[in-house]
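Printed here is target.txt (compact mmCIF, C-alpha atoms):
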# COMPACT_ATOMS: atom_id res chain seq x y z
CA MET A 1460 0.00 0.00 0.00
CA THR A 1461 1.40 3.41 -0.90
CA ASP A 1462 0.59 6.66 0.76
CA ALA A 1463 2.11 10.01 1.60
CA SER A 1464 2.68 9.35 5.29
CA GLU A 1465 6.16 9.89 6.65
CA MET A 1466 8.17 6.80 7.53
CA LEU A 1467 11.18 6.74 9.78
CA GLU A 1468 13.93 4.31 10.58
CA VAL A 1469 14.23 2.56 13.94
CA ALA A 1470 16.91 0.07 14.94
CA SER A 1471 14.40 -2.57 16.02
CA ALA A 1472 10.76 -3.17 16.83
CA ASP A 1473 11.57 -3.43 20.52
CA PRO A 1474 8.93 -1.34 22.36
CA ASP A 1475 11.53 0.40 24.50
CA THR A 1476 13.52 1.33 21.41
CA VAL A 1477 10.45 2.74 19.66
CA ARG A 1478 9.54 4.68 22.81
CA ASP A 1479 13.04 6.20 22.98
CA VAL A 1480 13.26 7.08 19.27
CA PHE A 1481 9.84 8.68 19.38
CA ALA A 1482 10.62 10.56 22.59
CA GLN A 1483 13.54 12.25 20.84
CA ARG A 1484 10.97 13.73 18.45
CA GLY A 1485 8.59 14.75 21.21
CA TRP A 1486 6.20 11.85 20.65
CA GLY A 1487 4.74 9.24 22.96
CA ASP A 1488 3.22 9.08 26.43
CA GLY A 1489 6.32 7.80 28.24
CA LEU A 1490 5.40 4.12 28.03
CA PRO A 1491 6.81 1.49 25.64
CA LEU A 1492 5.24 1.64 22.18
CA VAL A 1493 4.32 -1.08 19.69
CA ALA A 1494 6.24 -0.44 16.45
CA PRO A 1495 3.81 0.91 13.81
CA THR A 1496 5.20 -1.04 10.87
CA ALA A 1497 3.40 -0.92 7.53
CA GLU A 1498 2.29 -4.52 8.02
CA ARG A 1499 0.76 -3.84 11.43
CA VAL A 1500 -0.96 -0.66 10.25
CA ASP A 1501 -2.36 -2.47 7.21
CA ASP A 1502 -3.67 -5.21 9.50
CA MET A 1503 -5.27 -2.55 11.70
CA LEU A 1504 -7.00 -1.07 8.66
CA ALA A 1505 -8.01 -4.40 7.12
CA GLY A 1506 -11.36 -4.54 8.86
CA SER A 1507 -12.58 -1.35 7.21
CA ALA A 1508 -13.41 -1.08 3.52
CA ARG A 1509 -13.33 2.71 3.71
CA ASP A 1510 -10.66 5.00 2.32
CA PRO A 1511 -7.72 4.90 4.74
CA ASP A 1512 -6.66 8.40 3.73
CA GLU A 1513 -10.03 10.07 4.22
CA VAL A 1514 -9.62 12.94 6.66
CA ILE A 1515 -11.92 12.17 9.59
CA ALA A 1516 -11.17 15.43 11.41
CA VAL A 1517 -8.64 18.23 11.69
CA LEU A 1518 -7.65 18.49 15.34
CA PRO A 1519 -6.53 21.67 17.12
CA PRO A 1520 -4.24 23.24 18.13
CA ARG A 1521 -1.83 21.65 15.63
CA SER A 1522 -4.50 21.37 12.91
CA GLY A 1523 -3.34 17.79 12.41
CA MET A 1524 -5.28 15.75 9.88
CA ALA A 1525 -6.62 12.59 11.49
CA THR A 1526 -7.01 10.12 8.64
CA ARG A 1527 -8.00 6.51 9.27
CA ARG A 1528 -4.40 5.58 8.57
CA ILE A 1529 -2.97 7.97 11.14
CA ILE A 1530 -5.61 6.85 13.63
CA ALA A 1531 -4.54 3.25 12.88
CA VAL A 1532 -0.86 4.13 13.40
CA ASN A 1533 -1.68 5.44 16.87
CA ALA A 1534 -3.92 2.43 17.54
CA VAL A 1535 -0.96 0.14 16.79
CA LEU A 1536 1.34 2.21 19.02
CA ALA A 1537 -1.13 1.86 21.90
CA GLY A 1538 -1.64 -1.88 21.56
CA CYS A 1539 -5.13 -1.83 20.02
CA ARG A 1540 -6.60 -4.66 18.00
CA PRO A 1541 -8.32 -4.08 14.63
CA GLU A 1542 -11.77 -4.42 16.18
CA HIS A 1543 -11.06 -1.26 18.23
CA LEU A 1544 -10.41 0.97 15.22
CA GLY A 1545 -14.06 1.82 14.53
CA VAL A 1546 -14.48 3.07 18.09
CA LEU A 1547 -11.39 5.26 17.75
CA VAL A 1548 -12.54 6.73 14.44
CA ALA A 1549 -15.90 7.58 15.98
CA ALA A 1550 -14.18 9.09 19.00
CA VAL A 1551 -12.10 11.34 16.75
CA ARG A 1552 -15.26 12.43 14.91
CA ALA A 1553 -16.86 13.25 18.26
CA LEU A 1554 -13.83 15.21 19.47
CA ALA A 1555 -14.03 17.42 16.39
CA ARG A 1556 -17.63 18.42 17.01
CA PRO A 1557 -17.75 22.18 17.68
CA GLU A 1558 -19.66 21.83 20.95
CA VAL A 1559 -16.77 19.80 22.40
CA ASN A 1560 -14.47 22.82 21.99
CA LEU A 1561 -11.33 20.70 21.66
CA ARG A 1562 -9.14 23.76 21.20
CA GLY A 1563 -10.15 24.94 24.66
CA VAL A 1564 -9.96 21.43 26.14
CA ASN A 1565 -6.37 21.08 24.97
CA ALA A 1566 -5.33 24.62 25.84
CA THR A 1567 -6.68 24.95 29.37
CA THR A 1568 -4.75 24.77 32.64
CA HIS A 1569 -7.52 22.45 33.96
CA PRO A 1570 -6.72 18.69 34.15
CA VAL A 1571 -9.50 17.82 31.68
CA ALA A 1572 -9.32 14.65 29.61
CA PRO A 1573 -11.84 13.29 27.11
CA MET A 1574 -13.64 10.32 28.64
CA LEU A 1575 -14.67 7.85 25.97
CA VAL A 1576 -17.83 5.83 26.68
CA VAL A 1577 -18.51 2.89 24.35
CA HIS A 1578 -22.15 1.95 23.76
CA GLY A 1579 -23.97 -0.98 22.17
CA GLU A 1580 -22.90 -4.02 20.20
CA VAL A 1581 -19.26 -3.08 19.73
CA ALA A 1582 -18.75 -3.04 23.47
CA ARG A 1583 -19.49 -6.76 23.49
CA THR A 1584 -17.97 -7.82 20.16
CA ALA A 1585 -14.71 -5.90 20.66
CA GLY A 1586 -14.31 -6.90 24.30
CA TYR A 1587 -14.81 -3.63 26.17
CA ASN A 1588 -15.34 -3.90 29.91
CA ALA A 1589 -18.59 -2.40 31.18
CA GLY A 1590 -18.65 -4.36 34.43
CA LEU A 1591 -16.44 -4.80 37.47
CA GLY A 1592 -13.48 -2.45 37.32
CA ALA A 1593 -14.65 -0.88 34.06
CA PHE A 1594 -12.50 2.23 34.44
CA GLY A 1595 -9.51 -0.09 34.77
CA PRO A 1596 -7.04 -1.53 34.97
CA GLY A 1597 -6.86 -4.87 33.24
CA ASN A 1598 -8.94 -4.85 30.07
CA VAL A 1599 -7.14 -4.64 26.72
CA ALA A 1600 -9.91 -2.83 24.83
CA ASN A 1601 -10.51 -0.13 27.45
CA ALA A 1602 -6.81 0.41 28.14
CA ALA A 1603 -5.55 0.39 24.56
CA THR A 1604 -8.40 2.44 23.08
CA GLY A 1605 -8.12 5.04 25.81
CA ARG A 1606 -4.38 5.20 25.38
CA ALA A 1607 -4.68 5.45 21.59
CA LEU A 1608 -7.04 8.40 21.88
CA ARG A 1609 -4.51 10.19 24.07
CA LEU A 1610 -1.72 9.40 21.60
CA ILE A 1611 -3.87 10.91 18.82
CA LEU A 1612 -4.29 14.04 20.93
CA LEU A 1613 -0.54 14.20 21.58
CA HIS A 1614 0.61 13.47 18.04
CA VAL A 1615 -2.10 14.70 15.70
CA ALA A 1616 -3.74 17.44 17.77
CA GLY A 1617 -0.42 18.54 19.25
CA ALA A 1618 -1.68 18.48 22.85
CA VAL A 1619 1.84 18.08 24.20
CA PRO A 1620 2.32 19.35 27.76
CA GLY A 1621 3.78 22.81 27.56
CA ALA A 1622 3.40 23.36 23.84
CA GLY A 1623 -0.23 22.37 23.31
CA ASP A 1624 -1.58 21.36 26.71
CA ALA A 1625 -1.24 23.89 29.53
CA SER A 1626 -2.68 21.65 32.28
CA THR A 1627 -1.17 22.83 35.57
CA GLN A 1628 -0.88 19.38 37.13
CA GLY A 1629 -1.86 17.07 34.27
CA GLY A 1630 -3.76 14.00 35.41
CA PRO A 1631 -3.92 10.21 35.30
CA ALA A 1632 -7.04 10.38 33.11
CA LYS A 1633 -4.80 11.82 30.40
CA TYR A 1634 -3.12 8.40 29.96
CA ALA A 1635 -6.25 6.40 29.15
CA TYR A 1636 -9.90 7.16 29.89
CA CYS A 1637 -12.21 4.68 28.22
CA VAL A 1638 -15.11 2.74 29.64
CA ALA A 1639 -18.13 0.87 28.29
CA GLU A 1640 -21.77 1.37 29.26
CA ASN A 1641 -23.27 -1.58 31.10
CA LEU A 1642 -26.26 -1.95 28.84
CA ASP A 1643 -27.20 -5.37 30.20
CA GLU A 1644 -27.78 -3.90 33.67
CA SER A 1645 -29.16 -0.52 32.67
CA PRO A 1646 -32.81 -0.37 33.73
CA TRP A 1647 -33.40 2.51 31.31
CA GLY A 1648 -31.98 1.20 28.04
CA GLY A 1649 -28.93 2.62 26.35
CA TYR A 1650 -27.56 6.10 26.89
CA ALA A 1651 -26.92 6.79 23.18
CA ALA A 1652 -30.56 6.21 22.27
CA SER A 1653 -31.61 8.51 25.12
CA VAL A 1654 -29.76 11.37 23.42
CA GLY A 1655 -31.14 10.54 19.98
CA VAL A 1656 -28.38 8.38 18.50
CA ASP A 1657 -30.16 5.30 17.19
CA ALA A 1658 -27.30 3.07 16.06
CA PRO A 1659 -26.18 -0.45 16.97
CA SER A 1660 -22.94 0.98 18.36
CA ALA A 1661 -21.96 4.48 19.39
CA VAL A 1662 -19.42 6.39 21.43
CA THR A 1663 -19.70 9.40 23.69
CA VAL A 1664 -16.89 11.81 24.39
CA HIS A 1665 -17.17 13.86 27.58
CA CYS A 1666 -14.30 16.18 28.42
CA GLY A 1667 -14.10 16.12 32.18
CA GLU A 1668 -12.23 15.43 35.36
CA ALA A 1669 -11.27 12.02 36.70
CA PRO A 1670 -14.19 10.20 38.43
CA HIS A 1671 -15.28 11.42 41.87
CA ASN A 1672 -16.48 8.49 43.97
CA VAL A 1673 -20.01 8.26 45.41
CA HIS A 1674 -20.33 5.60 48.07
CA ASP A 1675 -23.68 4.50 49.46
CA MET A 1676 -24.06 1.13 51.17
CA GLU A 1677 -27.05 2.09 53.30
CA ALA A 1678 -29.93 3.30 51.19
CA SER A 1679 -32.49 1.11 49.51
CA GLY A 1680 -34.27 3.95 47.73
CA PRO A 1681 -33.15 6.58 45.25
CA ALA A 1682 -33.22 9.81 47.26
CA PRO A 1683 -30.43 9.12 49.78
CA ILE A 1684 -28.19 7.69 47.05
CA LEU A 1685 -28.77 10.65 44.78
CA ASP A 1686 -28.27 13.09 47.67
CA LYS A 1687 -24.72 11.75 47.86
CA VAL A 1688 -24.37 12.18 44.11
CA ALA A 1689 -25.50 15.79 44.55
CA SER A 1690 -23.02 16.25 47.37
CA ALA A 1691 -20.18 15.13 45.08
CA MET A 1692 -21.32 17.70 42.50
CA THR A 1693 -21.37 20.73 44.77
CA SER A 1694 -17.68 21.45 45.09
CA LEU A 1695 -16.53 25.05 44.83
CA GLY A 1696 -13.34 23.66 43.28
CA SER A 1697 -15.13 22.43 40.17
CA ASN A 1698 -14.93 24.41 36.94
CA ASN A 1699 -18.65 23.78 36.57
CA ALA A 1700 -19.38 25.88 39.67
CA PRO A 1701 -19.02 29.21 37.80
CA VAL A 1702 -20.17 27.79 34.41
CA SER A 1703 -23.88 27.08 34.25
CA SER A 1704 -23.78 25.22 30.92
CA GLY A 1705 -21.41 22.59 32.31
CA GLU A 1706 -22.37 18.93 32.15
CA PHE A 1707 -21.98 16.26 34.81
CA PHE A 1708 -21.81 12.59 33.87
CA VAL A 1709 -23.26 10.49 36.67
CA MET A 1710 -21.95 6.96 36.23
CA LEU A 1711 -24.33 4.90 38.34
CA CYS A 1712 -23.31 1.39 39.35
CA PRO A 1713 -25.93 -1.25 38.52
CA GLU A 1714 -27.07 -1.61 42.15
CA HIS A 1715 -27.66 2.12 42.59
CA ALA A 1716 -29.42 2.27 39.21
CA ALA A 1717 -31.60 -0.70 40.18
CA ALA A 1718 -32.58 1.00 43.44
CA CYS A 1719 -33.74 4.04 41.48
CA ALA A 1720 -35.61 2.00 38.88
CA ALA A 1721 -37.28 -0.17 41.52
CA ALA A 1722 -38.90 2.97 42.91
CA GLY A 1723 -40.23 3.79 39.45
CA TRP A 1724 -37.71 6.50 38.67
CA THR A 1725 -36.72 7.02 35.05
CA ARG A 1726 -33.38 8.41 33.84
CA SER A 1727 -35.09 11.80 33.56
CA HIS A 1728 -36.43 11.57 37.12
CA VAL A 1729 -32.96 10.84 38.40
CA ALA A 1730 -31.49 13.85 36.59
CA SER A 1731 -34.28 16.13 37.75
CA TYR A 1732 -33.90 15.09 41.38
CA ILE A 1733 -30.14 15.61 41.29
CA HIS A 1734 -30.67 19.02 39.68
CA GLU A 1735 -33.00 19.96 42.49
CA ARG A 1736 -30.56 18.79 45.17
CA ALA A 1737 -27.14 19.74 43.75
CA ARG A 1738 -27.21 23.38 44.75
CA ILE A 1739 -24.92 25.97 46.27
CA ARG A 1740 -25.96 29.24 47.88
CA ALA A 1741 -25.78 31.89 45.15
CA GLY A 1742 -24.01 34.34 47.44
CA ASP A 1743 -21.30 31.80 48.22
CA LEU A 1744 -20.71 31.27 44.50
CA ARG A 1745 -20.58 35.02 43.89
CA ALA A 1746 -18.07 35.41 46.70
CA ALA A 1747 -15.91 32.62 45.28
CA PHE A 1748 -15.96 33.59 41.60
CA ALA A 1749 -15.56 37.06 40.14
CA LEU A 1750 -15.69 35.53 36.66
CA ARG A 1751 -18.87 33.61 35.97
CA ALA A 1752 -20.62 32.21 32.92
CA TRP A 1753 -24.14 31.88 34.29
CA ALA A 1754 -27.45 32.06 32.52
CA PRO A 1755 -29.13 35.46 32.97
CA TRP A 1756 -31.83 34.04 35.23
CA GLN A 1757 -29.15 32.64 37.51
CA GLU A 1758 -27.38 35.99 37.76
CA ALA A 1759 -30.70 37.46 38.86
CA LEU A 1760 -31.11 35.08 41.81
CA PRO A 1761 -30.68 36.69 45.26
CA ASP A 1762 -27.67 35.66 47.33
CA ASP A 1763 -29.72 33.42 49.61
CA SER A 1764 -31.12 31.36 46.73
CA ALA A 1765 -30.01 27.79 46.28
CA MET A 1766 -28.32 27.90 42.91
CA PRO A 1767 -28.34 24.69 40.82
CA VAL A 1768 -24.79 23.73 39.85
CA THR A 1769 -25.86 23.42 36.25
CA GLU A 1770 -28.49 25.35 34.37
CA HIS A 1771 -30.76 22.48 33.30
CA PRO A 1772 -31.42 18.85 34.32
CA ALA A 1773 -30.49 17.81 30.78
CA ASN A 1774 -26.89 18.70 31.64
CA ILE A 1775 -26.90 15.81 34.12
CA ARG A 1776 -26.19 12.67 32.06
CA ILE A 1777 -26.96 9.26 33.53
CA VAL A 1778 -24.98 6.19 32.39
CA VAL A 1779 -24.86 2.76 34.04
CA VAL A 1780 -21.31 1.45 34.47
CA GLY A 1781 -19.58 -1.09 36.70
CA GLY A 1782 -20.16 -4.38 38.46
CA PRO A 1783 -21.25 -5.61 41.89
CA GLY A 1784 -20.89 -3.16 44.75
CA LYS A 1785 -22.28 0.21 45.72
CA HIS A 1786 -19.90 2.77 44.30
CA SER A 1787 -20.98 5.20 41.61
CA SER A 1788 -19.09 8.24 40.35
CA VAL A 1789 -19.55 11.79 39.18
CA ILE A 1790 -17.50 13.28 36.35
CA PRO A 1791 -17.77 17.08 36.14
CA SER A 1792 -16.85 18.59 32.82
CA TRP A 1793 -14.13 21.15 32.19
CA GLY A 1794 -16.91 23.72 31.92
CA MET A 1795 -16.88 25.28 28.45
CA THR A 1796 -17.50 22.03 26.63
CA SER A 1797 -20.43 19.76 25.83
CA SER A 1798 -20.38 16.01 25.28
CA ALA A 1799 -20.95 14.46 21.88
CA THR A 1800 -22.38 11.04 21.00
CA VAL A 1801 -21.80 9.65 17.51
CA PRO A 1802 -22.45 6.29 15.79
CA VAL A 1803 -19.64 3.82 15.19
CA GLU A 1804 -19.24 3.21 11.47
CA HIS A 1805 -19.44 -0.29 10.03
CA MET B 1071 13.28 -1.18 9.95
CA GLU B 1072 10.75 1.43 8.94
CA VAL B 1073 7.77 2.57 10.98
CA TYR B 1074 5.13 5.20 10.45
CA ALA B 1075 5.44 8.65 11.96
CA PRO B 1076 2.40 9.11 14.21
CA ASP B 1077 1.52 12.74 13.62
CA GLY B 1078 0.37 12.98 10.00
CA ALA B 1079 0.09 16.09 7.89
CA VAL B 1080 -1.08 19.49 9.04
CA GLY B 1081 -4.42 20.44 7.58
CA ALA B 1082 -4.30 24.19 7.62
CA ALA B 1083 -1.46 26.61 7.16
CA PRO B 1084 -0.63 28.40 10.40
CA THR B 1085 -1.86 31.97 10.49
CA GLY B 1086 0.99 34.41 10.05
CA LEU B 1087 1.55 37.50 12.12
CA ALA B 1088 0.06 40.74 10.82
CA PRO B 1089 2.55 43.32 9.58
CA GLY B 1090 3.59 45.96 12.11
CA ALA B 1091 1.32 48.94 12.53
CA GLY B 1092 4.08 51.49 11.92
CA VAL B 1093 3.79 54.92 13.50
CA LEU B 1094 0.99 54.82 16.06
CA ALA B 1095 0.29 58.57 16.22
CA GLY B 1096 -3.29 59.21 15.28
CA LYS B 1097 -4.23 55.53 15.29
CA ARG B 1098 -6.74 53.81 17.56
CA ILE B 1099 -5.68 51.17 20.06
CA GLY B 1100 -8.22 48.51 20.99
CA VAL B 1101 -8.27 46.09 23.91
CA LEU B 1102 -9.68 42.56 23.85
CA ASP B 1103 -9.99 41.49 27.48
CA ASN B 1104 -10.08 37.67 27.49
CA SER B 1105 -11.56 37.58 31.03
CA LYS B 1106 -8.50 36.07 32.64
CA PRO B 1107 -7.80 37.58 36.09
CA ASN B 1108 -6.63 41.19 35.77
CA ALA B 1109 -6.42 40.97 31.97
CA GLY B 1110 -8.63 44.02 31.50
CA LEU B 1111 -6.64 46.02 34.05
CA LEU B 1112 -3.27 45.02 32.58
CA LEU B 1113 -4.20 45.51 28.95
CA GLY B 1114 -6.13 48.72 29.64
CA ARG B 1115 -3.18 50.30 31.46
CA MET B 1116 -0.82 49.17 28.72
CA ALA B 1117 -3.09 50.75 26.12
CA GLU B 1118 -3.24 54.03 28.06
CA ARG B 1119 0.55 54.18 28.45
CA LEU B 1120 1.15 53.23 24.85
CA ALA B 1121 -1.28 55.92 23.72
CA ALA B 1122 0.36 58.55 25.93
CA ARG B 1123 3.82 57.74 24.55
CA THR B 1124 2.89 57.58 20.89
CA GLY B 1125 0.04 59.99 20.33
CA ALA B 1126 -2.42 57.21 19.58
CA GLY B 1127 -5.90 57.11 21.08
CA VAL B 1128 -7.51 54.33 23.10
CA GLY B 1129 -10.58 53.25 21.22
CA VAL B 1130 -12.74 50.23 21.61
CA VAL B 1131 -12.53 47.90 24.65
CA GLU B 1132 -14.19 44.49 24.32
CA ARG B 1133 -14.45 41.39 26.49
CA LYS B 1134 -14.70 37.73 25.61
CA ASN B 1135 -14.90 34.40 27.41
CA ALA B 1136 -11.43 33.00 28.08
CA ALA B 1137 -12.32 29.53 26.85
CA LEU B 1138 -14.09 30.39 23.61
CA PRO B 1139 -13.20 32.26 20.40
CA ALA B 1140 -14.29 35.90 20.24
CA PRO B 1141 -17.79 36.24 18.73
CA ASP B 1142 -18.12 37.85 15.30
CA ASP B 1143 -19.78 41.02 16.66
CA VAL B 1144 -16.87 41.57 19.07
CA LEU B 1145 -14.36 41.14 16.25
CA ALA B 1146 -16.37 43.50 14.05
CA ARG B 1147 -16.25 46.24 16.68
CA LEU B 1148 -12.54 45.69 17.24
CA ALA B 1149 -11.97 46.24 13.54
CA GLU B 1150 -12.39 49.96 14.27
CA ALA B 1151 -8.96 49.87 15.92
CA GLN B 1152 -5.69 49.62 14.00
CA VAL B 1153 -3.86 47.94 16.92
CA VAL B 1154 -5.43 45.51 19.40
CA LEU B 1155 -3.85 44.39 22.65
CA THR B 1156 -4.96 40.95 23.81
CA GLY B 1157 -3.77 37.69 25.35
CA SER B 1158 -3.33 37.19 29.06
CA ALA B 1159 -3.05 33.90 30.88
CA ASP B 1160 -3.28 32.73 34.46

Step by step, read the file and then write its structure as structure tokens.
Amino acid sequence: MTDASEMLEVASADPDTVRDVFAQRGWGDGLPLVAPTAERVDDMLAGSARDPDEVIAVLPPRSGMATRRIIAVNAVLAGCRPEHLGVLVAAVRALARPEVNLRGVNATTHPVAPMLVVHGEVARTAGYNAGLGAFGPGNVANAATGRALRLILLHVAGAVPGAGDASTQGGPAKYAYCVAENLDESPWGGYAASVGVDAPSAVTVHCGEAPHNVHDMEASGPAPILDKVASAMTSLGSNNAPVSSGEFFVMLCPEHAAACAAAGWTRSHVASYIHERARIRAGDLRAAFALRAWAPWQEALPDDSAMPVTEHPANIRIVVVGGPGKHSSVIPSWGMTSSATVPVEH
Amino acid sequence: MEVYAPDGAVGAAPTGLAPGAGVLAGKRIGVLDNSKPNAGLLLGRMAERLAARTGAGVGVVERKNAALPAPDDVLARLAEAQVVLTGSAD
């Protein structure tokens, strides 16, 4: 196969050698890398009949062109298998959606990382973990796909710490941040369909913080569980506190989701209740933030009003993830970004 | 052995710097406050001092969200100025 991509010489395919040669050029995430030989990249692309040199997206700040081939190169580097490529291509499409604001996501001092959520058939057929330990470690699909997406951001988008990523402290979620929705144990059906994406497989990209744990072993009904979710959302340290359009992904474990559904609560009921309960006194927010991006009606609220931490219940996104146990999590966004859900191509 | 480079081609030519504004006397200086802490204060004072030293005038002052591109109407109003001061980080 011929193409215009740059090739370079390495002494061997040893992962440490590839890591070191790439590091000299400012590439890589610090871990050993699988050599992206032409044979391996062709194998990665073999499952797709589509044009390998079609530009899927142009990613800021470098304005790098993410073709299927370049996505496949980074998939090989990360240790992906060919069945993961479709998820990565969809994730790149999602990242390029204007509402995601990838330029801001990559430029900010905040530790934001795109969380990739895999929905539907591909989660099962390509081996993604939606159950116990879904956020990792241990599963090839979750780990390698999450890592590959970060490598694409580093190499193609140019989100290199210092030059293209100003994150003050960085963060572990910037290594790999990929999880699958536990559709089998979701009492409300799939998340993608709930936001209007009717496809056998889909991915969501949500640019947010690392997961904040929500632990509830005691409650049998929804309200006490969701009060703890609300408590995890009402931190003055969150970027969403002064940004009313910010989204929160609430990743409910199956047992917490079942407790809500058993009481007759829908996904929308859960979001509405959390919106009602996740509030901070408006005066406290005003005292903490001189710079705010609130909706006009929120600016008009008196200081003693209980201000919702996000403008609308629709900004609270409910996904079922995980296995046995009673730990859920909250993932606040960076603030000036919205999630995107797109179908996985065949 | 040969391996692929992982970065691929760049899809858009980088935007070049505008040519210098030359003599500032008689020209209008604008300020685009990007809402970062003290950006308006810093840039405003710089504009005033620059104007005092060069004979320029301080014209339009606009503000934008730090995390988003400037809206078209803000850019249109800034076009009244021949020099715009902007860019402040935390």

- Message: Between A:Met1524, A:Leu1613, A:Cys1712, A:Val1480, which residue has the minimum interatomic distance to chain B, considering all atoms listed in the file?
- Response: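 Of the candidates, the smallest distance to chain B is held by A:Met1524.
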
- If you count only C-alpha atoms, which residues fall within 8 Å of range 1110-1116 of chain B, apart from same-chain ones fewer than 5 positions away, as a list in words?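 Close residues of range 1110-1116 of chain B: Val1101, Leu1102, Asp1103, Asn1104, Ser1105, Leu1155 and Thr1156 of chain B.
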
- Item | Distance of CA of Gln1628 in chain A from CA of Val1571 in chain A, expressed in Å to one decimal place |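 Going from CA of Val1571 in chain A over to CA of Gln1628 in chain A, I get 10.3 Å.
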
- Message: Please check the contacts: residues of chain A at most 9 Å away from chain B, using all atoms listed in the file, listed as JSON, numbers by chain.
- Response: {"A": [1463, 1464, 1465, 1466, 1467, 1468, 1469, 1470, 1471, 1472, 1481, 1486, 1494, 1495, 1496, 1497, 1500, 1517, 1518, 1521, 1522, 1523, 1524, 1525, 1526, 1528, 1529, 1530, 1532, 1533, 1536, 1560, 1562, 1563, 1564, 1566, 1567, 1568, 1610, 1611, 1613, 1614, 1615, 1616, 1617, 1749, 1750, 1752, 1794, 1795]}

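Residues surrounding Ala1691 in chain A within 9 Å are His1671, Asn1672, Val1673, Ala1737, Ser1788 and Val1789 of chain A [all atoms listed in the file; sequence separation below 6 positions excluded].
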
- Message: Would you compute the distance between CA of His1578 in chain A and CA of Ile1775 in chain A? Give it in Å to one decimal.
- Response: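 Answer for the CA of His1578 in chain A to CA of Ile1775 in chain A separation: 17.9 Å.
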
- Task: For each of A:Glu1804, A:Asp1763, A:Asp1743, A:Glu1758, take the minimum atom-to-atom distance to Ser1660 in chain A, counting only C-alpha atoms, then give the residue where this is smallest.
- Result: A:Glu1804

- Of the listed residues A:Arg1552, A:Arg1540, A:His1569, A:Arg1583, that which approaches Val1599 in chain A most closely, counting all atoms listed in the file: A:Arg1540

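Using all atoms listed in the file for every distance, the candidate list A:Pro1596, A:Pro1683, A:Gly1782, A:Pro1659 yields A:Pro1659 as the residue closest to Glu1580 in chain A.
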
- Message: So, with only C-alpha atoms as the atoms that count, which of A:Ala1722, A:Leu1685, A:Val1656, A:Ala1678 lies closest to Ser1787 in chain A?
- Response: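 Using only C-alpha atoms, Ser1787 in chain A sits closest to A:Leu1685.
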
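In this model, the gap between CA of Gly1129 in chain B and CA of Ala1754 in chain A comes to 29.3 Å.
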
- Message: Ranking A:Gly1742, A:Pro1767, A:Gly1655, A:Pro1681 by minimum distance to Ser1703 in chain A and counting only C-alpha atoms, which one comes first?
- Response: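 The answer is A:Pro1767, which sits nearest to Ser1703 in chain A.
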
- Message: List the spatial neighbours of His1674 in chain A as a PyMOL selection string - criterion: any atom at most 9 Å away, all atoms listed in the file, same-chain residues fewer than 5 positions off excluded.
- Response: chain A and resi 1684+1687-1688+1785-1788

I'd like the contact shell of Glu1118 in chain B - 10 Å cut-off, only C-alpha atoms, skipping same-chain residues fewer than 5 positions apart - returned as a compact mmCIF listing (two decimals) with C-alpha atoms, in the coordinates of the input.
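Final file, around-v8.txt:
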# COMPACT_ATOMS: atom_id res chain seq x y z
CA ILE B 1099 -5.68 51.17 20.06
CA LEU B 1113 -4.20 45.51 28.95
CA ARG B 1123 3.82 57.74 24.55
CA ALA B 1126 -2.42 57.21 19.58
CA GLY B 1127 -5.90 57.11 21.08
CA VAL B 1128 -7.51 54.33 23.10

- Message: Need to verify the contact set: Ala1149 in chain B, 12 Å, only C-alpha atoms, exclusion of same-chain residues closer than 3 positions in sequence. Can you return it as JSON, numbers by chain?
- Response: {"B": [1098, 1099, 1100, 1101, 1102, 1129, 1130, 1131, 1132, 1142, 1143, 1144, 1145, 1146, 1152, 1153, 1154]}

For range 1520-1543 of chain A of the structure just presented, write C-alpha atoms to a file, as a tab-separated table (two decimals), in the first residue's frame.
chain	number	residue	atom	x	y	z
A	1520	PRO	CA	-4.24	23.24	18.13
A	1521	ARG	CA	-1.83	21.65	15.63
A	1522	SER	CA	-4.50	21.37	12.91
A	1523	GLY	CA	-3.34	17.79	12.41
A	1524	MET	CA	-5.28	15.75	9.88
A	1525	ALA	CA	-6.62	12.59	11.49
A	1526	THR	CA	-7.01	10.12	8.64
A	1527	ARG	CA	-8.00	6.51	9.27
A	1528	ARG	CA	-4.40	5.58	8.57
A	1529	ILE	CA	-2.97	7.97	11.14
A	1530	ILE	CA	-5.61	6.85	13.63
A	1531	ALA	CA	-4.54	3.25	12.88
A	1532	VAL	CA	-0.86	4.13	13.40
A	1533	ASN	CA	-1.68	5.44	16.87
A	1534	ALA	CA	-3.92	2.43	17.54
A	1535	VAL	CA	-0.96	0.14	16.79
A	1536	LEU	CA	1.34	2.21	19.02
A	1537	ALA	CA	-1.13	1.86	21.90
A	1538	GLY	CA	-1.64	-1.88	21.56
A	1539	CYS	CA	-5.13	-1.83	20.02
A	1540	ARG	CA	-6.60	-4.66	18.00
A	1541	PRO	CA	-8.32	-4.08	14.63
A	1542	GLU	CA	-11.77	-4.42	16.18
A	1543	HIS	CA	-11.06	-1.26	18.23
